[in-house]
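Here is coords.cif, consisting of mmCIF, C-alpha atoms:
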data_target
loop_
_atom_site.label_atom_id
_atom_site.label_comp_id
_atom_site.auth_asym_id
_atom_site.auth_seq_id
_atom_site.Cartn_x
_atom_site.Cartn_y
_atom_site.Cartn_z
CA MET A 276 -190.84 -277.19 115.80
CA ALA A 277 -187.64 -279.04 116.74
CA LYS A 278 -184.77 -278.48 114.42
CA GLY A 279 -182.11 -281.00 113.48
CA PRO A 280 -178.42 -280.36 113.97
CA VAL A 281 -176.99 -277.64 111.79
CA SER A 282 -173.93 -278.63 109.80
CA ARG A 283 -170.89 -276.33 110.07
CA SER A 284 -168.92 -275.52 106.97
CA SER A 285 -165.14 -275.73 107.17
CA ASP A 286 -165.15 -272.13 105.93
CA ASP A 287 -166.53 -271.05 109.34
CA GLU A 288 -163.49 -272.33 111.23
CA LEU A 289 -160.55 -270.16 112.15
CA PRO A 290 -157.45 -270.84 110.03
CA PHE A 291 -154.70 -272.82 111.73
CA GLU A 292 -151.86 -270.61 113.01
CA GLU A 293 -148.40 -271.99 113.55
CA PRO A 294 -147.34 -271.48 117.20
CA VAL A 295 -144.61 -268.93 117.88
CA ALA A 296 -142.23 -268.37 120.78
CA ALA A 297 -143.67 -267.15 124.07
CA ASP A 298 -142.23 -263.65 123.69
CA GLU A 299 -143.55 -263.34 120.15
CA ARG A 300 -147.07 -264.64 120.89
CA SER A 301 -149.98 -263.29 118.89
CA PHE A 302 -151.82 -260.33 120.35
CA PHE A 303 -155.23 -261.83 119.49
CA GLY A 304 -157.10 -262.87 122.64
CA GLN A 305 -159.09 -266.03 123.19
CA PRO A 306 -162.60 -266.01 121.66
CA GLY A 307 -165.13 -264.40 124.02
CA LYS A 308 -168.59 -265.62 124.92
CA SER A 309 -170.32 -263.38 122.45
CA SER A 310 -173.04 -265.05 120.39
CA ALA A 311 -171.86 -263.26 117.26
CA PRO A 312 -170.41 -265.61 114.64
CA ARG A 313 -166.62 -265.77 114.52
CA THR A 314 -165.08 -264.33 111.40
CA ALA A 315 -162.02 -265.84 109.78
CA LEU A 316 -158.89 -263.68 110.17
CA PRO A 317 -157.48 -262.11 107.04
CA ALA A 318 -154.77 -264.27 105.56
CA SER A 319 -152.20 -261.50 105.98
CA LEU A 320 -152.59 -261.58 109.77
CA GLY A 321 -151.77 -265.26 109.88
CA VAL A 322 -148.43 -264.68 108.19
CA GLN A 323 -145.34 -264.13 110.30
CA GLU A 324 -144.27 -260.49 110.25
CA HIS A 325 -141.13 -259.68 108.25
CA TYR A 326 -139.11 -258.63 111.29
CA HIS A 327 -139.38 -262.04 113.01
CA GLY A 328 -136.70 -263.52 110.75
CA HIS A 329 -134.53 -260.46 111.34
CA ARG A 330 -134.84 -260.94 115.10
CA GLU A 331 -133.62 -264.50 114.90
CA ARG A 332 -130.69 -263.55 112.69
CA LEU A 333 -129.67 -260.83 115.12
CA ARG A 334 -129.94 -263.22 118.07
CA ASP A 335 -127.81 -265.77 116.19
CA ARG A 336 -125.09 -263.17 115.54
CA PHE A 337 -125.02 -262.21 119.20
CA ARG A 338 -125.03 -265.86 120.30
CA GLU A 339 -122.16 -266.81 118.00
CA HIS A 340 -119.96 -263.70 118.06
CA GLY A 341 -120.99 -261.65 121.10
CA ASP A 342 -121.54 -257.90 121.21
CA THR A 343 -118.50 -257.13 119.02
CA ALA A 344 -120.49 -258.23 115.97
CA LEU A 345 -123.27 -255.72 116.62
CA ALA A 346 -123.59 -251.96 116.31
CA ASP A 347 -124.91 -249.96 119.28
CA TYR A 348 -128.37 -249.64 117.75
CA GLU A 349 -128.48 -253.43 117.25
CA ILE A 350 -127.63 -254.06 120.92
CA LEU A 351 -130.48 -251.71 121.83
CA GLU A 352 -132.71 -253.43 119.29
CA LEU A 353 -132.03 -256.82 120.92
CA LEU A 354 -133.14 -255.40 124.25
CA LEU A 355 -136.25 -253.79 122.78
CA PHE A 356 -137.32 -257.18 121.39
CA ARG A 357 -138.31 -258.12 124.95
CA LEU A 358 -139.82 -254.77 125.85
CA ILE A 359 -141.83 -254.35 122.63
CA PRO A 360 -142.63 -257.91 121.44
CA ARG A 361 -144.86 -257.17 118.45
CA ARG A 362 -143.17 -254.26 116.73
CA ASP A 363 -140.29 -253.76 114.34
CA THR A 364 -137.87 -252.26 116.87
CA LYS A 365 -135.02 -251.33 114.51
CA PRO A 366 -136.48 -247.88 113.66
CA ILE A 367 -137.10 -247.23 117.37
CA ALA A 368 -133.54 -248.21 118.33
CA LYS A 369 -132.07 -246.02 115.59
CA ALA A 370 -134.28 -243.09 116.59
CA LEU A 371 -133.17 -243.38 120.23
CA ILE A 372 -129.47 -243.44 119.29
CA GLU A 373 -129.94 -240.49 116.94
CA ARG A 374 -131.82 -238.47 119.56
CA PHE A 375 -129.46 -239.10 122.48
CA GLY A 376 -126.18 -239.56 120.63
CA SER A 377 -125.03 -242.92 121.97
CA LEU A 378 -126.08 -246.03 123.84
CA ALA A 379 -124.91 -244.43 127.09
CA GLY A 380 -126.92 -241.35 126.22
CA VAL A 381 -130.08 -243.41 125.81
CA PHE A 382 -129.74 -245.05 129.22
CA GLY A 383 -128.75 -241.77 130.84
CA ALA A 384 -131.69 -239.82 129.41
CA PRO A 385 -134.62 -238.88 131.67
CA ALA A 386 -137.70 -241.06 131.23
CA ALA A 387 -139.78 -238.06 130.12
CA LEU A 388 -137.42 -237.41 127.20
CA LEU A 389 -137.33 -241.09 126.22
CA THR A 390 -141.11 -241.07 125.75
CA GLU A 391 -140.77 -238.27 123.22
CA VAL A 392 -139.33 -240.81 120.78
CA LYS A 393 -142.06 -242.41 118.69
CA GLY A 394 -142.68 -245.99 119.78
CA VAL A 395 -141.40 -245.52 123.34
CA GLY A 396 -144.18 -245.47 125.90
CA GLU A 397 -143.99 -244.87 129.63
CA ALA A 398 -143.56 -248.58 130.44
CA VAL A 399 -140.64 -249.00 127.99
CA ALA A 400 -138.99 -245.80 129.29
CA LEU A 401 -139.29 -247.09 132.85
CA ASP A 402 -137.75 -250.44 131.84
CA LEU A 403 -134.81 -248.66 130.20
CA LYS A 404 -134.23 -246.61 133.35
CA LEU A 405 -134.41 -249.79 135.44
CA ILE A 406 -131.73 -251.41 133.29
CA SER A 407 -129.63 -248.24 133.66
CA THR A 408 -130.01 -248.43 137.44
CA VAL A 409 -128.87 -252.07 137.47
CA ALA A 410 -125.75 -251.03 135.54
CA HIS A 411 -125.03 -248.19 137.99
CA ARG A 412 -125.50 -250.44 141.01
CA THR A 413 -123.18 -253.03 139.47
CA LEU A 414 -120.43 -250.45 138.97
CA LYS A 415 -120.95 -249.09 142.47
CA SER A 416 -120.74 -252.56 144.01
CA GLU A 417 -117.25 -252.89 142.53
CA LEU A 418 -116.14 -249.98 144.74
CA ARG A 419 -117.41 -251.50 147.96
CA SER A 420 -114.77 -252.85 150.34
CA LYS A 421 -111.97 -251.66 148.07
CA GLN A 422 -109.43 -248.91 148.53
CA VAL A 423 -110.92 -246.34 146.22
CA LEU A 424 -107.63 -244.64 145.35
CA SER A 425 -106.26 -247.92 144.03
CA SER A 426 -109.42 -248.46 141.96
CA TRP A 427 -109.45 -245.03 140.35
CA SER A 428 -110.60 -246.22 136.94
CA SER A 429 -113.64 -247.87 138.59
CA VAL A 430 -114.42 -244.59 140.38
CA ILE A 431 -114.35 -242.64 137.12
CA GLN A 432 -116.38 -245.29 135.30
CA TYR A 433 -119.04 -245.27 138.01
CA CYS A 434 -119.25 -241.47 138.21
CA HIS A 435 -119.42 -241.17 134.43
CA ALA A 436 -122.27 -243.69 134.23
CA ALA A 437 -124.15 -242.00 137.06
CA MET A 438 -123.71 -238.36 136.08
CA ALA A 439 -122.43 -237.73 132.55
CA HIS A 440 -125.87 -237.56 130.95
CA GLU A 441 -127.72 -235.69 133.67
CA THR A 442 -129.46 -232.61 132.29
CA ARG A 443 -128.78 -230.58 135.47
CA GLU A 444 -125.65 -230.09 137.53
CA GLN A 445 -125.26 -232.54 140.38
CA PHE A 446 -122.77 -232.32 143.25
CA ARG A 447 -121.77 -235.73 144.61
CA ILE A 448 -119.42 -236.71 147.43
CA LEU A 449 -117.69 -240.03 147.97
CA PHE A 450 -116.99 -240.35 151.72
CA LEU A 451 -114.04 -242.56 152.69
CA ASP A 452 -112.74 -244.07 155.92
CA LYS A 453 -109.13 -244.01 157.14
CA ARG A 454 -108.29 -246.90 154.76
CA ASN A 455 -109.82 -244.95 151.85
CA VAL A 456 -112.65 -247.46 151.60
CA LEU A 457 -116.01 -246.08 150.47
CA ILE A 458 -118.39 -245.37 153.36
CA ALA A 459 -121.11 -243.52 151.48
CA ASP A 460 -121.86 -242.04 148.06
CA GLU A 461 -124.30 -239.14 148.32
CA VAL A 462 -125.66 -236.43 146.05
CA GLN A 463 -125.42 -233.28 148.15
CA GLY A 464 -127.09 -230.92 145.71
CA ARG A 465 -128.83 -230.54 142.35
CA GLY A 466 -128.92 -227.29 140.47
CA THR A 467 -129.49 -225.83 137.03
CA VAL A 468 -127.82 -226.53 133.71
CA ASP A 469 -124.72 -224.56 134.77
CA HIS A 470 -124.75 -224.14 138.55
CA THR A 471 -125.18 -226.14 141.75
CA PRO A 472 -125.22 -224.45 145.16
CA VAL A 473 -122.61 -225.99 147.46
CA TYR A 474 -122.30 -225.22 151.17
CA PRO A 475 -118.86 -226.14 152.56
CA ARG A 476 -120.15 -226.19 156.15
CA GLU A 477 -122.78 -228.81 155.23
CA VAL A 478 -120.19 -230.88 153.38
CA VAL A 479 -117.88 -231.02 156.40
CA LYS A 480 -120.79 -231.58 158.79
CA ARG A 481 -121.90 -234.63 156.80
CA ALA A 482 -118.36 -236.02 156.77
CA LEU A 483 -118.27 -235.79 160.57
CA GLU A 484 -121.65 -237.51 160.86
CA LEU A 485 -120.32 -240.44 158.82
CA SER A 486 -116.96 -240.50 160.64
CA ALA A 487 -115.29 -240.03 157.27
CA THR A 488 -111.63 -239.06 157.19
CA ALA A 489 -111.43 -238.30 153.47
CA MET A 490 -113.63 -237.24 150.55
CA ILE A 491 -113.68 -237.15 146.78
CA LEU A 492 -115.81 -234.35 145.33
CA VAL A 493 -117.54 -234.95 141.99
CA HIS A 494 -119.85 -232.86 139.87
CA ASN A 495 -121.00 -232.87 136.26
CA HIS A 496 -121.18 -230.31 133.49
CA PRO A 497 -124.35 -230.91 131.42
CA SER A 498 -122.78 -228.89 128.60
CA GLY A 499 -120.44 -231.84 128.09
CA ASP A 500 -117.23 -229.83 128.57
CA PRO A 501 -115.55 -230.85 131.86
CA THR A 502 -113.22 -227.82 131.97
CA PRO A 503 -113.37 -226.36 135.50
CA SER A 504 -114.64 -222.83 136.00
CA ARG A 505 -113.06 -220.30 138.36
CA ALA A 506 -116.02 -220.83 140.69
CA ASP A 507 -115.37 -224.60 140.69
CA ILE A 508 -111.74 -224.04 141.73
CA GLU A 509 -112.53 -221.47 144.41
CA MET A 510 -115.33 -223.56 145.92
CA THR A 511 -113.03 -226.58 146.08
CA LYS A 512 -110.35 -224.62 147.94
CA VAL A 513 -112.90 -223.39 150.50
CA ILE A 514 -114.03 -226.98 151.19
CA ILE A 515 -110.41 -228.18 151.44
CA ASP A 516 -109.60 -225.48 154.02
CA ALA A 517 -112.73 -226.20 156.06
CA ALA A 518 -112.09 -229.96 156.01
CA LYS A 519 -108.39 -229.64 156.81
CA ALA A 520 -109.17 -227.91 160.11
CA LEU A 521 -110.96 -231.11 161.18
CA ASP A 522 -108.34 -233.53 159.81
CA ILE A 523 -110.48 -234.50 156.82
CA THR A 524 -108.65 -234.86 153.52
CA VAL A 525 -110.09 -233.91 150.15
CA HIS A 526 -108.30 -236.20 147.71
CA ASP A 527 -109.67 -234.68 144.52
CA HIS A 528 -112.48 -232.85 142.78
CA VAL A 529 -113.49 -234.58 139.55
CA ILE A 530 -115.64 -232.90 136.90
CA ILE A 531 -117.58 -235.25 134.61
CA GLY A 532 -118.56 -234.41 131.03
CA LYS A 533 -120.27 -236.49 128.38
CA ASP A 534 -117.03 -237.37 126.63
CA GLY A 535 -114.51 -237.28 129.43
CA HIS A 536 -113.51 -235.97 132.84
CA VAL A 537 -111.09 -233.57 134.49
CA SER A 538 -109.29 -233.97 137.80
CA LEU A 539 -108.45 -230.72 139.58
CA LYS A 540 -105.61 -232.51 141.34
CA GLY A 541 -104.36 -233.84 138.04
CA LEU A 542 -104.35 -230.28 136.68
CA LYS A 543 -102.50 -229.17 139.85
CA LEU A 544 -105.28 -226.70 140.63
CA ILE A 545 -105.57 -227.98 144.21
#
Take the structure I supplied and represent it as structure tokens, if you would.
Amino acid sequence: MAKGPVSRSSDDELPFEEPVAADERSFFGQPGKSSAPRTALPASLGVQEHYHGHRERLRDRFREHGDTALADYEILELLLFRLIPRRDTKPIAKALIERFGSLAGVFGAPAALLTEVKGVGEAVALDLKLISTVAHRTLKSELRSKQVLSSWSSVIQYCHAAMAHETREQFRILFLDKRNVLIADEVQGRGTVDHTPVYPREVVKRALELSATAMILVHNHPSGDPTPSRADIEMTKVIIDAAKALDITVHDHVIIGKDGHVSLKGLKLI
């Protein structure tokens, strides 16, 4: 028997939801093709989450006053808004700062350790490392085509950003031409938490391959204390002697710690 049209009650329709910004869009997908009747969403899900207003207030403060009006965790929180659109990111930002000690510590931390913080997945950790890489490349670009010795603060800033929060020792060499302009920046070795094997012959060989006439040696102390060890001093002197025989100058050996750096030349140890 043919049936007449069935009337639809207004109670069967989905409640109207006010549109939100693209980066805060609802996570509910479009209705599928299932024949099952659609159920109205609970009223609580149609209400804007409490942190949305907080996000706008934080954006307004940054827009009007810049970063000086925000704490480190709030700067990180602003960034996490984009990486984690539908979560209250303040607890995550605070947990990251607490775990790694500072904003620099967060960006310098290995991705595997970042994911140990609740709320930080692999994708967010990768995005944080990408942002860290952009910062490093920016600092490094400031050294290009400049006389490095006249831009010493930029050298220290770059090396600190690149190495201070590494969990293992890293031996890096900045190779310079006869005008003391950066030719290459290379990590020659990675070691343990308190030791990196360094081979003076390989260091000098690489300098010759690059036609470098000078070098700056840099390594980090994961312990955070940049005080040079006796082994650091002796190794530096061996490299200086080997390089000097080939007219290659070692300008300095800089040791990077989490909260500072030490120059062996500045300490008159070389």
Item to check | Å distance separating atom CA of Glu509 of chain A from atom CA of His440 of chain A, one decimal place | outcome: 24.9 Å
Starting from the displayed file, determine the output of the PyMOL selection byres ((chain A and resi 454) around 10) and express the residue list as an mmCIF file with C-alpha atoms, in the frame of the given file.
data_model
loop_
_atom_site.group_PDB
_atom_site.id
_atom_site.type_symbol
_atom_site.label_atom_id
_atom_site.label_comp_id
_atom_site.auth_asym_id
_atom_site.auth_seq_id
_atom_site.Cartn_x
_atom_site.Cartn_y
_atom_site.Cartn_z
ATOM 1 C CA SER A 420 -114.770 -252.850 150.340
ATOM 2 C CA LYS A 421 -111.970 -251.660 148.070
ATOM 3 C CA GLN A 422 -109.430 -248.910 148.530
ATOM 4 C CA VAL A 423 -110.920 -246.340 146.220
ATOM 5 C CA LEU A 424 -107.630 -244.640 145.350
ATOM 6 C CA LEU A 451 -114.040 -242.560 152.690
ATOM 7 C CA ASP A 452 -112.740 -244.070 155.920
ATOM 8 C CA LYS A 453 -109.130 -244.010 157.140
ATOM 9 C CA ASN A 455 -109.820 -244.950 151.850
ATOM 10 C CA VAL A 456 -112.650 -247.460 151.600
ATOM 11 C CA LEU A 457 -116.010 -246.080 150.470
ATOM 12 C CA THR A 488 -111.630 -239.060 157.190
ATOM 13 C CA ALA A 489 -111.430 -238.300 153.470
#
Next on the checklist: Env of Pro385 of chain A: 9 Å cut, atoms = all atoms listed in the file, seq-sep filter 2 positions within chain, self excluded. Answer as a ChimeraX atom specification.
Outcome noted: /A:381-383,387-389,400,404,440-442
Next on the checklist: What's the separation between atom CA of Leu378 of chain A and atom CA of Ser407 of chain A, in Å to one decimal place?
Outcome noted: 10.7 Å
Checklist entry - Got a sec to check which residues sit within 12 Å of (-141.0, -242.9, 121.4), counting only C-alpha atoms, and write them as a PyMOL selection string? => result chain A and resi 355+359+364+366-372+374+381+386-400
Checklist entry - Pick the closest to Leu539 of chain A from A:Ile508, A:Ala482, A:Ile514, A:Val525: which is it, counting only C-alpha atoms? => result A:Ile508
Write out as a compact mmCIF listing (two decimals) with C-alpha atoms, keeping the file's coordinate frame which residues come within 12 Å of Thr413 of chain A when counting all atoms listed in the file, dropping same-chain ones fewer than 3 positions away.
# COMPACT_ATOMS: atom_id res chain seq x y z
CA ILE A 406 -131.73 -251.41 133.29
CA SER A 407 -129.63 -248.24 133.66
CA THR A 408 -130.01 -248.43 137.44
CA VAL A 409 -128.87 -252.07 137.47
CA ALA A 410 -125.75 -251.03 135.54
CA SER A 416 -120.74 -252.56 144.01
CA GLU A 417 -117.25 -252.89 142.53
CA LEU A 418 -116.14 -249.98 144.74
CA ARG A 419 -117.41 -251.50 147.96
CA SER A 429 -113.64 -247.87 138.59
CA GLN A 432 -116.38 -245.29 135.30
CA TYR A 433 -119.04 -245.27 138.01
CA ALA A 436 -122.27 -243.69 134.23
CA ALA A 437 -124.15 -242.00 137.06
Next on the checklist: Please compute the atom CA of Ala346 of chain A-atom CA of Met438 of chain A distance, one decimal, in Å.
Outcome noted: 24.0 Å
